[in-house]
$ cat upload.cif   # mmCIF, C-alpha atoms
data_model
loop_
_atom_site.group_PDB
_atom_site.id
_atom_site.type_symbol
_atom_site.label_atom_id
_atom_site.label_comp_id
_atom_site.auth_asym_id
_atom_site.auth_seq_id
_atom_site.Cartn_x
_atom_site.Cartn_y
_atom_site.Cartn_z
ATOM 1 C CA MET A 1 192.420 237.520 83.538
ATOM 2 C CA SER A 2 189.351 237.787 85.782
ATOM 3 C CA LYS A 3 186.963 236.254 83.252
ATOM 4 C CA TYR A 4 183.950 236.502 85.579
ATOM 5 C CA PHE A 5 184.321 240.265 86.010
ATOM 6 C CA ASN A 6 181.903 242.005 83.646
ATOM 7 C CA TYR A 7 183.842 245.254 83.701
ATOM 8 C CA LYS A 8 181.696 247.118 81.164
ATOM 9 C CA GLU A 9 178.471 246.407 83.015
ATOM 10 C CA PHE A 10 179.984 247.255 86.391
ATOM 11 C CA ALA A 11 181.356 250.592 85.154
ATOM 12 C CA ASN A 12 177.969 251.392 83.670
ATOM 13 C CA GLN A 13 176.262 250.604 86.984
ATOM 14 C CA LEU A 14 178.540 253.068 88.742
ATOM 15 C CA ARG A 15 177.738 255.788 86.224
ATOM 16 C CA PHE A 16 174.025 255.118 86.576
ATOM 17 C CA GLN A 17 174.113 255.231 90.364
ATOM 18 C CA VAL A 18 175.834 258.619 90.491
ATOM 19 C CA ARG A 19 172.490 260.199 89.588
ATOM 20 C CA GLY A 20 171.088 259.864 93.079
ATOM 21 C CA VAL A 21 174.020 261.333 94.999
ATOM 22 C CA ILE A 22 174.824 264.606 93.223
ATOM 23 C CA PRO A 23 173.895 267.661 95.329
ATOM 24 C CA GLU A 24 171.483 270.144 93.855
ATOM 25 C CA LYS A 25 174.075 272.866 93.310
ATOM 26 C CA TYR A 26 176.049 270.568 90.990
ATOM 27 C CA LYS A 27 173.037 269.361 89.003
ATOM 28 C CA GLU A 28 174.001 271.400 85.955
ATOM 29 C CA ASN A 29 177.190 269.332 85.811
ATOM 30 C CA GLU A 30 175.452 266.003 86.394
ATOM 31 C CA VAL A 31 176.016 264.563 82.921
ATOM 32 C CA TYR A 32 179.650 265.655 82.973
ATOM 33 C CA ILE A 33 180.253 264.086 86.406
ATOM 34 C CA ARG A 34 178.502 260.860 85.443
ATOM 35 C CA ASP A 35 180.465 260.568 82.213
ATOM 36 C CA MET A 36 183.739 261.216 84.016
ATOM 37 C CA VAL A 37 182.958 258.524 86.590
ATOM 38 C CA TYR A 38 182.084 256.099 83.799
ATOM 39 C CA GLN A 39 185.158 256.880 81.742
ATOM 40 C CA MET A 40 187.594 256.509 84.641
ATOM 41 C CA SER A 41 185.794 253.446 86.008
ATOM 42 C CA LEU A 42 185.885 251.756 82.620
ATOM 43 C CA ILE A 43 189.624 252.338 82.224
ATOM 44 C CA ALA A 44 190.338 250.898 85.670
ATOM 45 C CA ALA A 45 187.880 248.021 85.318
ATOM 46 C CA LYS A 46 189.284 246.952 81.958
ATOM 47 C CA ALA A 47 192.830 246.985 83.332
ATOM 48 C CA LEU A 48 191.692 244.866 86.290
ATOM 49 C CA TYR A 49 189.882 242.469 83.970
ATOM 50 C CA GLU A 50 193.173 241.858 82.186
ATOM 51 C CA GLU A 51 195.083 241.198 85.412
ATOM 52 C CA ASP A 52 195.939 237.541 86.025
ATOM 53 C CA ASP A 53 195.499 237.073 89.752
ATOM 54 C CA ILE A 54 192.832 239.443 91.095
ATOM 55 C CA GLU A 55 189.529 238.024 92.332
ATOM 56 C CA GLU A 56 186.275 239.378 90.923
ATOM 57 C CA ASN A 57 185.199 240.882 94.266
ATOM 58 C CA ASN A 58 188.456 242.776 94.561
ATOM 59 C CA CYS A 59 188.163 243.949 90.946
ATOM 60 C CA GLN A 60 184.778 245.414 91.795
ATOM 61 C CA CYS A 61 186.058 246.964 95.011
ATOM 62 C CA ILE A 62 189.045 248.655 93.355
ATOM 63 C CA THR A 63 186.890 249.931 90.502
ATOM 64 C CA GLN A 64 184.375 251.300 92.985
ATOM 65 C CA ILE A 65 187.074 253.076 94.992
ATOM 66 C CA ILE A 66 188.449 254.683 91.838
ATOM 67 C CA ALA A 67 184.923 255.671 90.792
ATOM 68 C CA GLU A 68 184.264 257.259 94.175
ATOM 69 C CA TRP A 69 187.472 259.261 94.206
ATOM 70 C CA THR A 70 186.799 260.312 90.611
ATOM 71 C CA PHE A 71 183.380 261.481 91.756
ATOM 72 C CA HIS A 72 184.775 263.489 94.683
ATOM 73 C CA LYS A 73 187.705 264.994 92.829
ATOM 74 C CA THR A 74 185.653 265.921 89.780
ATOM 75 C CA ILE A 75 183.384 267.927 92.068
ATOM 76 C CA ASP A 76 186.423 269.482 93.776
ATOM 77 C CA LEU A 77 187.844 270.493 90.398
ATOM 78 C CA ILE A 78 184.525 272.033 89.407
ATOM 79 C CA SER A 79 184.196 273.827 92.756
ATOM 80 C CA CYS A 80 187.680 275.305 92.456
ATOM 81 C CA ASN A 81 187.037 276.459 88.883
ATOM 82 C CA ILE A 82 189.888 274.400 87.471
ATOM 83 C CA PRO A 83 189.606 274.612 83.655
ATOM 84 C CA LYS A 84 188.010 271.473 82.257
ATOM 85 C CA GLU A 85 190.904 270.711 79.932
ATOM 86 C CA TYR A 86 192.948 269.815 83.033
ATOM 87 C CA HIS A 87 190.352 267.595 84.694
ATOM 88 C CA GLU A 88 191.170 264.386 82.864
ATOM 89 C CA PRO A 89 194.963 264.644 83.284
ATOM 90 C CA VAL A 90 194.520 265.283 87.014
ATOM 91 C CA LEU A 91 192.079 262.401 87.442
ATOM 92 C CA HIS A 92 194.203 260.039 85.353
ATOM 93 C CA LYS A 93 197.191 260.770 87.568
ATOM 94 C CA ILE A 94 195.234 260.274 90.798
ATOM 95 C CA ASN A 95 193.573 257.085 89.589
ATOM 96 C CA TYR A 96 196.836 255.643 88.297
ATOM 97 C CA GLU A 97 198.370 256.071 91.747
ATOM 98 C CA ILE A 98 195.306 254.527 93.430
ATOM 99 C CA TYR A 99 195.373 251.594 91.033
ATOM 100 C CA GLN A 100 199.061 250.883 91.587
ATOM 101 C CA LEU A 101 198.484 250.897 95.339
ATOM 102 C CA LEU A 102 195.314 248.821 95.531
ATOM 103 C CA VAL A 103 196.340 245.966 93.232
ATOM 104 C CA LYS A 104 198.964 245.049 95.825
ATOM 105 C CA PHE A 105 196.243 244.019 98.291
ATOM 106 C CA ASP A 106 193.987 240.965 98.225
ATOM 107 C CA ASP A 107 191.197 242.943 99.882
ATOM 108 C CA ALA A 108 191.113 246.623 98.957
ATOM 109 C CA SER A 109 188.068 247.260 101.154
ATOM 110 C CA LYS A 110 189.979 247.055 104.449
ATOM 111 C CA SER A 111 190.008 250.321 106.387
ATOM 112 C CA GLU A 112 193.802 250.466 106.558
ATOM 113 C CA VAL A 113 193.987 250.149 102.771
ATOM 114 C CA LEU A 114 191.382 252.867 102.315
ATOM 115 C CA ASN A 115 193.358 255.105 104.665
ATOM 116 C CA LYS A 116 196.448 254.601 102.522
ATOM 117 C CA ALA A 117 194.424 255.371 99.401
ATOM 118 C CA GLU A 118 193.025 258.566 100.908
ATOM 119 C CA LYS A 119 196.476 259.831 101.876
ATOM 120 C CA LEU A 120 197.779 258.992 98.421
ATOM 121 C CA VAL A 121 194.876 260.795 96.747
ATOM 122 C CA ASN A 122 195.422 263.938 98.807
ATOM 123 C CA LYS A 123 199.163 263.888 98.177
ATOM 124 C CA THR A 124 198.772 263.343 94.436
ATOM 125 C CA TYR A 125 196.040 265.965 94.140
ATOM 126 C CA LYS A 126 198.207 268.586 95.836
ATOM 127 C CA LYS A 127 201.131 267.754 93.564
ATOM 128 C CA THR A 128 199.032 268.074 90.423
ATOM 129 C CA MET A 129 197.583 271.388 91.596
ATOM 130 C CA LEU A 130 201.092 272.686 92.310
ATOM 131 C CA LYS A 131 202.207 271.720 88.809
ATOM 132 C CA LEU A 132 199.238 273.527 87.284
ATOM 133 C CA TYR A 133 200.095 276.611 89.311
ATOM 134 C CA GLU A 134 203.786 276.492 88.419
ATOM 135 C CA LYS A 135 202.903 276.201 84.736
ATOM 136 C CA LYS A 136 200.549 279.187 85.147
ATOM 137 C CA CYS A 137 197.538 277.091 84.187
ATOM 138 C CA ILE A 138 195.720 278.371 87.279
ATOM 139 C CA ASP A 139 196.151 281.579 89.273
ATOM 140 C CA LYS A 140 197.142 281.875 92.926
ATOM 141 C CA PRO A 141 193.610 282.328 94.389
ATOM 142 C CA THR A 142 192.475 279.196 92.570
ATOM 143 C CA TYR A 143 195.535 277.280 93.710
ATOM 144 C CA THR A 144 194.982 278.402 97.305
ATOM 145 C CA LYS A 145 191.354 277.341 97.160
ATOM 146 C CA THR A 146 192.329 273.782 96.219
ATOM 147 C CA PHE A 147 193.899 273.308 99.659
ATOM 148 C CA SER A 148 190.674 273.971 101.528
ATOM 149 C CA GLN A 149 188.180 272.515 99.073
ATOM 150 C CA SER A 150 186.982 268.987 99.817
ATOM 151 C CA ASN A 151 183.421 267.919 99.182
ATOM 152 C CA ILE A 152 183.396 264.742 101.294
ATOM 153 C CA ASP A 153 181.979 266.340 104.459
ATOM 154 C CA GLU A 154 179.661 268.480 102.377
ATOM 155 C CA MET A 155 178.472 265.467 100.405
ATOM 156 C CA MET A 156 177.654 263.269 103.378
ATOM 157 C CA PRO A 157 174.004 264.383 103.694
ATOM 158 C CA TYR A 158 173.413 263.487 100.053
ATOM 159 C CA TYR A 159 174.293 259.813 100.201
ATOM 160 C CA PRO A 160 171.330 257.454 99.958
ATOM 161 C CA ILE A 161 169.989 257.096 103.479
ATOM 162 C CA SER A 162 166.259 257.022 102.804
ATOM 163 C CA ILE A 163 164.061 254.974 100.547
ATOM 164 C CA TRP A 164 163.463 258.003 98.320
ATOM 165 C CA ASP A 165 167.196 258.466 97.724
ATOM 166 C CA ILE A 166 167.470 254.808 96.775
ATOM 167 C CA LEU A 167 164.530 255.144 94.387
ATOM 168 C CA LYS A 168 166.535 257.729 92.445
ATOM 169 C CA VAL A 169 169.704 255.655 92.444
ATOM 170 C CA HIS A 170 168.155 252.321 91.398
ATOM 171 C CA PRO A 171 164.972 253.049 89.416
ATOM 172 C CA PHE A 172 164.960 249.819 87.382
ATOM 173 C CA ILE A 173 165.693 247.573 90.351
ATOM 174 C CA THR A 174 163.062 249.501 92.276
ATOM 175 C CA LEU A 175 160.490 248.757 89.566
ATOM 176 C CA ALA A 176 161.243 245.055 89.940
ATOM 177 C CA TYR A 177 160.599 245.298 93.674
ATOM 178 C CA ILE A 178 157.422 247.304 93.119
ATOM 179 C CA PHE A 179 156.169 244.505 90.874
ATOM 180 C CA ALA A 180 157.288 241.643 93.135
ATOM 181 C CA LEU A 181 155.956 243.080 96.401
ATOM 182 C CA PRO A 182 152.250 243.339 95.488
ATOM 183 C CA VAL A 183 152.326 240.061 93.536
ATOM 184 C CA THR A 184 153.682 238.075 96.485
ATOM 185 C CA LEU A 185 151.396 239.858 98.960
ATOM 186 C CA ILE A 186 148.245 239.321 96.881
ATOM 187 C CA THR A 187 149.223 235.700 96.221
ATOM 188 C CA SER A 188 149.669 235.040 99.935
ATOM 189 C CA LEU A 189 146.367 236.722 100.873
ATOM 190 C CA LEU A 190 144.391 234.864 98.215
ATOM 191 C CA SER A 191 146.035 231.600 99.218
ATOM 192 C CA PHE A 192 145.150 232.110 102.880
ATOM 193 C CA TYR A 193 141.594 233.020 101.882
ATOM 194 C CA ALA A 194 141.348 229.797 99.849
ATOM 195 C CA ASP A 195 142.921 227.844 102.714
ATOM 196 C CA ARG A 196 145.958 226.928 100.597
ATOM 197 C CA MET A 197 148.604 227.218 103.285
ATOM 198 C CA LEU A 198 151.338 225.504 101.262
ATOM 199 C CA VAL A 199 151.203 228.408 98.805
ATOM 200 C CA GLY A 200 150.295 231.188 101.217
ATOM 201 C CA ILE A 201 153.098 230.698 103.733
ATOM 202 C CA PRO A 202 155.973 230.677 101.165
ATOM 203 C CA SER A 203 154.397 233.666 99.378
ATOM 204 C CA LEU A 204 154.191 235.613 102.629
ATOM 205 C CA ALA A 205 157.791 234.684 103.433
ATOM 206 C CA LEU A 206 158.900 235.930 100.004
ATOM 207 C CA PHE A 207 156.948 239.154 100.484
ATOM 208 C CA SER A 208 158.621 239.735 103.859
ATOM 209 C CA LEU A 209 162.061 239.045 102.385
ATOM 210 C CA PHE A 210 161.503 241.359 99.403
ATOM 211 C CA LEU A 211 160.177 244.105 101.676
ATOM 212 C CA PHE A 212 163.158 243.824 104.016
ATOM 213 C CA ARG A 213 165.638 243.926 101.120
ATOM 214 C CA PHE A 214 163.807 246.852 99.527
ATOM 215 C CA LEU A 215 163.942 248.946 102.691
ATOM 216 C CA THR A 216 167.568 248.171 103.555
ATOM 217 C CA ARG A 217 169.298 248.420 100.168
ATOM 218 C CA LYS A 218 172.382 250.575 99.730
ATOM 219 C CA SER A 219 173.972 252.207 96.719
ATOM 220 C CA LEU A 220 177.353 251.117 95.373
ATOM 221 C CA ILE A 221 178.305 254.770 95.339
ATOM 222 C CA ALA A 222 179.085 255.632 98.960
ATOM 223 C CA THR A 223 181.729 257.722 100.598
ATOM 224 C CA ILE A 224 184.991 255.919 101.278
ATOM 225 C CA HIS A 225 186.347 258.425 103.767
ATOM 226 C CA PRO A 226 187.664 256.284 106.665
ATOM 227 C CA LYS A 227 185.729 258.172 109.331
ATOM 228 C CA TYR A 228 182.506 256.953 107.702
ATOM 229 C CA LEU A 229 183.572 253.328 107.762
ATOM 230 C CA GLN A 230 182.884 252.792 111.441
#
$ encode --input "upload.cif" --output "structure tokens"
Amino acid sequence: MSKYFNYKEFANQLRFQVRGVIPEKYKENEVYIRDMVYQMSLIAAKALYEEDDIEENNCQCITQIIAEWTFHKTIDLISCNIPKEYHEPVLHKINYEIYQLLVKFDDASKSEVLNKAEKLVNKTYKKTMLKLYEKKCIDKPTYTKTFSQSNIDEMMPYYPISIWDILKVHPFITLAYIFALPVTLITSLLSFYADRMLVGIPSLALFSLFLFRFLTRKSLIATIHPKYLQ
């Protein structure tokens, strides 16, 4: 059991961070997508928590990968007009296959592992769509559309690449930075004005560090397509 892995909190973080990366045309489904990411992340994270020999970092990585593929495939299912009653079974099947693959590796973040996961996702997704078609759960035009529909390339412009995107993804953390930045800056300026260098220099150093971290933060939710891992 990975006792240091707070799986509930981590799954909740992933759900929260989805807010900043959903394209405008899917905004009406935002709550649904977020809840699906949370639900699937929580299932995977709890299973990883109960594993005996998986490090906390790898638990987080595997959960994140499953969350990201849940995110992408939920949007694909919505885009292809797959009835919602089939979404969970499809996602459960995909995520089960991902889980069984990734727990075999000590570091699931390696590009070769992610390549294997991507191929497995695509293979499993096609199989599940074929089964839905064979059972007459979806018609032929819908089934055909599933082959060409993939939101990864389409989604790329929406991943947090500017400070304003990050503000949406991490509002509470951002508030902490917004409080810390002026406090450290004002403290350093007042200390320099009062000729208290022993306080001013560390305060200025803290301000610089906080500012750098604030401007270079990234979201946990990021595309895992191998071509973006360069």
$ residues_around --input "upload.cif" --residues "range 11-14 of chain A" --least-positions-apart "5" --cutoff "8 Å" --atoms "all atoms listed in the file" --output "mmCIF file with C-alpha atoms, in the coordinates of the input"
data_model
loop_
_atom_site.group_PDB
_atom_site.id
_atom_site.type_symbol
_atom_site.label_atom_id
_atom_site.label_comp_id
_atom_site.auth_asym_id
_atom_site.auth_seq_id
_atom_site.Cartn_x
_atom_site.Cartn_y
_atom_site.Cartn_z
ATOM 1 C CA VAL A 37 182.958 258.524 86.590
ATOM 2 C CA TYR A 38 182.084 256.099 83.799
ATOM 3 C CA SER A 41 185.794 253.446 86.008
ATOM 4 C CA LEU A 42 185.885 251.756 82.620
ATOM 5 C CA ALA A 45 187.880 248.021 85.318
ATOM 6 C CA THR A 63 186.890 249.931 90.502
ATOM 7 C CA GLN A 64 184.375 251.300 92.985
ATOM 8 C CA ALA A 67 184.923 255.671 90.792
ATOM 9 C CA LEU A 220 177.353 251.117 95.373
ATOM 10 C CA ILE A 221 178.305 254.770 95.339
#
$ resolve_selection --input "upload.cif" --expression "the PyMOL selection byres ((chain A and resi 25-27) around 12)" --output "PyMOL selection string"
chain A and resi 18-24+28-34+71-72+74-79+151+154-155+158
$ closest_residue --input "upload.cif" --among "A:Glu68, A:Glu97, A:Glu85, A:Glu118" --to "Ile138 in chain A" --atoms "only C-alpha atoms"
A:Glu85
$ resolve_selection --input "upload.cif" --expression "the PyMOL selection byres ((chain A and resi 203-206) around 10)" --output "number ranges by chain"
A: 180-181, 183-189, 191-192, 197-202, 207-212
$ write_last_selection --input "upload.cif" --atoms "C-alpha atoms" --output "compact mmCIF listing (two decimals), keeping the file's coordinate frame"
# COMPACT_ATOMS: atom_id res chain seq x y z
CA ALA A 180 157.29 241.64 93.14
CA LEU A 181 155.96 243.08 96.40
CA VAL A 183 152.33 240.06 93.54
CA THR A 184 153.68 238.08 96.48
CA LEU A 185 151.40 239.86 98.96
CA ILE A 186 148.24 239.32 96.88
CA THR A 187 149.22 235.70 96.22
CA SER A 188 149.67 235.04 99.94
CA LEU A 189 146.37 236.72 100.87
CA SER A 191 146.04 231.60 99.22
CA PHE A 192 145.15 232.11 102.88
CA MET A 197 148.60 227.22 103.28
CA LEU A 198 151.34 225.50 101.26
CA VAL A 199 151.20 228.41 98.80
CA GLY A 200 150.29 231.19 101.22
CA ILE A 201 153.10 230.70 103.73
CA PRO A 202 155.97 230.68 101.16
CA PHE A 207 156.95 239.15 100.48
CA SER A 208 158.62 239.74 103.86
CA LEU A 209 162.06 239.04 102.38
CA PHE A 210 161.50 241.36 99.40
CA LEU A 211 160.18 244.10 101.68
CA PHE A 212 163.16 243.82 104.02
$ closest_residue --input "upload.cif" --among "A:Lys145, A:Lys84, A:Lys110, A:His92" --to "Met129 in chain A" --atoms "all atoms listed in the file"
A:Lys145
$ resolve_selection --input "upload.cif" --expression "the PyMOL selection byres ((chain A and resi 93) around 12)" --output "PyMOL selection string"
chain A and resi 40+66+69-70+73+86-92+94-100+120-129
$ closest_residue --input "upload.cif" --among "A:Gln60, A:Ser109, A:Gln17, A:Thr146" --to "Leu48 in chain A" --atoms "only C-alpha atoms"
A:Gln60
$ closest_residue --input "upload.cif" --among "A:Asn115, A:Asn58, A:Ser148, A:Asn81" --to "Val103 in chain A" --atoms "only C-alpha atoms"
A:Asn58
$ atom_distance --input "upload.cif" --atom1 "CA of Lys131 in chain A" --atom2 "CA of Val113 in chain A"
27.0 Å
$ atom_distance --input "upload.cif" --atom1 "CA of Asp52 in chain A" --atom2 "CA of Phe5 in chain A"
11.9 Å
$ closest_residue --input "upload.cif" --among "A:Cys80, A:Ile65, A:Cys59, A:Met36" --to "Pro141 in chain A" --atoms "only C-alpha atoms"
A:Cys80
$ atom_distance --input "upload.cif" --atom1 "CA of Asp53 in chain A" --atom2 "CA of Glu112 in chain A"
21.6 Å
$ closest_residue --input "upload.cif" --among "A:Lys135, A:Ala47, A:Leu130, A:Ala176" --to "Phe147 in chain A" --atoms "all atoms listed in the file"
A:Leu130
$ decode --input "upload.cif" --residues "range 45-142 of chain A" --atoms "C-alpha atoms" --output "mmCIF file, in the first residue's frame"
data_model
loop_
_atom_site.group_PDB
_atom_site.id
_atom_site.type_symbol
_atom_site.label_atom_id
_atom_site.label_comp_id
_atom_site.auth_asym_id
_atom_site.auth_seq_id
_atom_site.Cartn_x
_atom_site.Cartn_y
_atom_site.Cartn_z
ATOM 1 C CA ALA A 45 -5.955 6.209 -7.748
ATOM 2 C CA LYS A 46 -7.653 4.094 -5.093
ATOM 3 C CA ALA A 47 -6.533 0.890 -6.806
ATOM 4 C CA LEU A 48 -2.966 2.226 -6.951
ATOM 5 C CA TYR A 49 -3.121 3.242 -3.297
ATOM 6 C CA GLU A 50 -3.898 -0.367 -2.424
ATOM 7 C CA GLU A 51 -1.007 -1.747 -4.479
ATOM 8 C CA ASP A 52 1.947 -2.983 -2.425
ATOM 9 C CA ASP A 53 4.991 -1.958 -4.422
ATOM 10 C CA ILE A 54 4.279 1.210 -6.419
ATOM 11 C CA GLU A 55 6.026 4.448 -5.464
ATOM 12 C CA GLU A 56 3.953 7.557 -4.797
ATOM 13 C CA ASN A 57 5.357 9.410 -7.828
ATOM 14 C CA ASN A 58 4.415 6.555 -10.119
ATOM 15 C CA CYS A 59 0.950 6.362 -8.541
ATOM 16 C CA GLN A 60 0.460 10.016 -9.400
ATOM 17 C CA CYS A 61 1.827 9.558 -12.908
ATOM 18 C CA ILE A 62 -0.424 6.590 -13.716
ATOM 19 C CA THR A 63 -3.467 8.361 -12.296
ATOM 20 C CA GLN A 64 -2.658 11.444 -14.346
ATOM 21 C CA ILE A 65 -2.281 9.420 -17.545
ATOM 22 C CA ILE A 66 -5.638 7.746 -16.954
ATOM 23 C CA ALA A 67 -7.205 11.133 -16.199
ATOM 24 C CA GLU A 68 -5.814 12.598 -19.410
ATOM 25 C CA TRP A 69 -7.025 9.760 -21.595
ATOM 26 C CA THR A 70 -10.406 9.924 -19.858
ATOM 27 C CA PHE A 71 -10.480 13.621 -20.689
ATOM 28 C CA HIS A 72 -9.631 13.063 -24.364
ATOM 29 C CA LYS A 73 -11.905 10.091 -24.897
ATOM 30 C CA THR A 74 -14.851 11.678 -23.118
ATOM 31 C CA ILE A 75 -14.607 14.575 -25.558
ATOM 32 C CA ASP A 76 -14.288 12.136 -28.476
ATOM 33 C CA LEU A 77 -17.405 10.294 -27.318
ATOM 34 C CA ILE A 78 -19.299 13.566 -27.045
ATOM 35 C CA SER A 79 -18.058 14.733 -30.457
ATOM 36 C CA CYS A 80 -19.149 11.492 -32.108
ATOM 37 C CA ASN A 81 -22.583 11.646 -30.466
ATOM 38 C CA ILE A 82 -22.125 8.329 -28.689
ATOM 39 C CA PRO A 83 -25.087 7.956 -26.288
ATOM 40 C CA LYS A 84 -24.054 8.823 -22.747
ATOM 41 C CA GLU A 85 -25.143 5.484 -21.323
ATOM 42 C CA TYR A 86 -22.179 3.919 -23.156
ATOM 43 C CA HIS A 87 -19.552 6.431 -22.056
ATOM 44 C CA GLU A 88 -18.700 4.860 -18.720
ATOM 45 C CA PRO A 89 -18.425 1.276 -20.028
ATOM 46 C CA VAL A 90 -16.127 2.459 -22.828
ATOM 47 C CA LEU A 91 -13.955 4.510 -20.478
ATOM 48 C CA HIS A 92 -13.817 1.739 -17.877
ATOM 49 C CA LYS A 93 -12.570 -0.676 -20.520
ATOM 50 C CA ILE A 94 -9.931 1.734 -21.835
ATOM 51 C CA ASN A 95 -8.726 2.691 -18.367
ATOM 52 C CA TYR A 96 -8.582 -0.918 -17.208
ATOM 53 C CA GLU A 97 -6.275 -1.740 -20.113
ATOM 54 C CA ILE A 98 -4.106 1.328 -19.412
ATOM 55 C CA TYR A 99 -3.886 0.425 -15.738
ATOM 56 C CA GLN A 100 -2.861 -3.168 -16.409
ATOM 57 C CA LEU A 101 -0.130 -1.938 -18.740
ATOM 58 C CA LEU A 102 1.297 0.894 -16.657
ATOM 59 C CA VAL A 103 1.573 -0.914 -13.318
ATOM 60 C CA LYS A 104 4.199 -3.138 -14.934
ATOM 61 C CA PHE A 105 6.609 -0.193 -15.192
ATOM 62 C CA ASP A 106 8.541 1.564 -12.436
ATOM 63 C CA ASP A 107 8.320 4.854 -14.327
ATOM 64 C CA ALA A 108 5.149 5.287 -16.366
ATOM 65 C CA SER A 109 6.223 8.732 -17.583
ATOM 66 C CA LYS A 110 8.857 7.428 -20.013
ATOM 67 C CA SER A 111 8.077 8.200 -23.649
ATOM 68 C CA GLU A 112 8.247 4.555 -24.712
ATOM 69 C CA VAL A 113 5.680 3.659 -22.051
ATOM 70 C CA LEU A 114 3.411 6.495 -23.138
ATOM 71 C CA ASN A 115 3.701 5.302 -26.733
ATOM 72 C CA LYS A 116 2.579 1.840 -25.658
ATOM 73 C CA ALA A 117 -0.314 3.365 -23.726
ATOM 74 C CA GLU A 118 -1.417 5.444 -26.709
ATOM 75 C CA LYS A 119 -1.430 2.431 -29.027
ATOM 76 C CA LEU A 120 -3.359 0.430 -26.454
ATOM 77 C CA VAL A 121 -5.916 3.213 -26.018
ATOM 78 C CA ASN A 122 -6.504 3.487 -29.759
ATOM 79 C CA LYS A 123 -6.796 -0.276 -30.146
ATOM 80 C CA THR A 124 -9.195 -0.635 -27.221
ATOM 81 C CA TYR A 125 -11.287 2.341 -28.315
ATOM 82 C CA LYS A 126 -11.730 0.898 -31.803
ATOM 83 C CA LYS A 127 -12.731 -2.471 -30.370
ATOM 84 C CA THR A 128 -15.337 -0.939 -28.081
ATOM 85 C CA MET A 129 -16.768 1.145 -30.922
ATOM 86 C CA LEU A 130 -16.990 -1.965 -33.110
ATOM 87 C CA LYS A 131 -18.872 -3.807 -30.373
ATOM 88 C CA LEU A 132 -21.326 -0.934 -30.022
ATOM 89 C CA TYR A 133 -21.886 -0.976 -33.769
ATOM 90 C CA GLU A 134 -22.326 -4.746 -33.924
ATOM 91 C CA LYS A 135 -24.873 -4.581 -31.111
ATOM 92 C CA LYS A 136 -26.676 -1.797 -33.015
ATOM 93 C CA CYS A 137 -26.077 0.672 -30.199
ATOM 94 C CA ILE A 138 -24.734 3.171 -32.739
ATOM 95 C CA ASP A 139 -25.419 3.555 -36.459
ATOM 96 C CA LYS A 140 -22.893 3.279 -39.280
ATOM 97 C CA PRO A 141 -22.253 7.044 -39.776
ATOM 98 C CA THR A 142 -21.517 7.387 -36.067
#
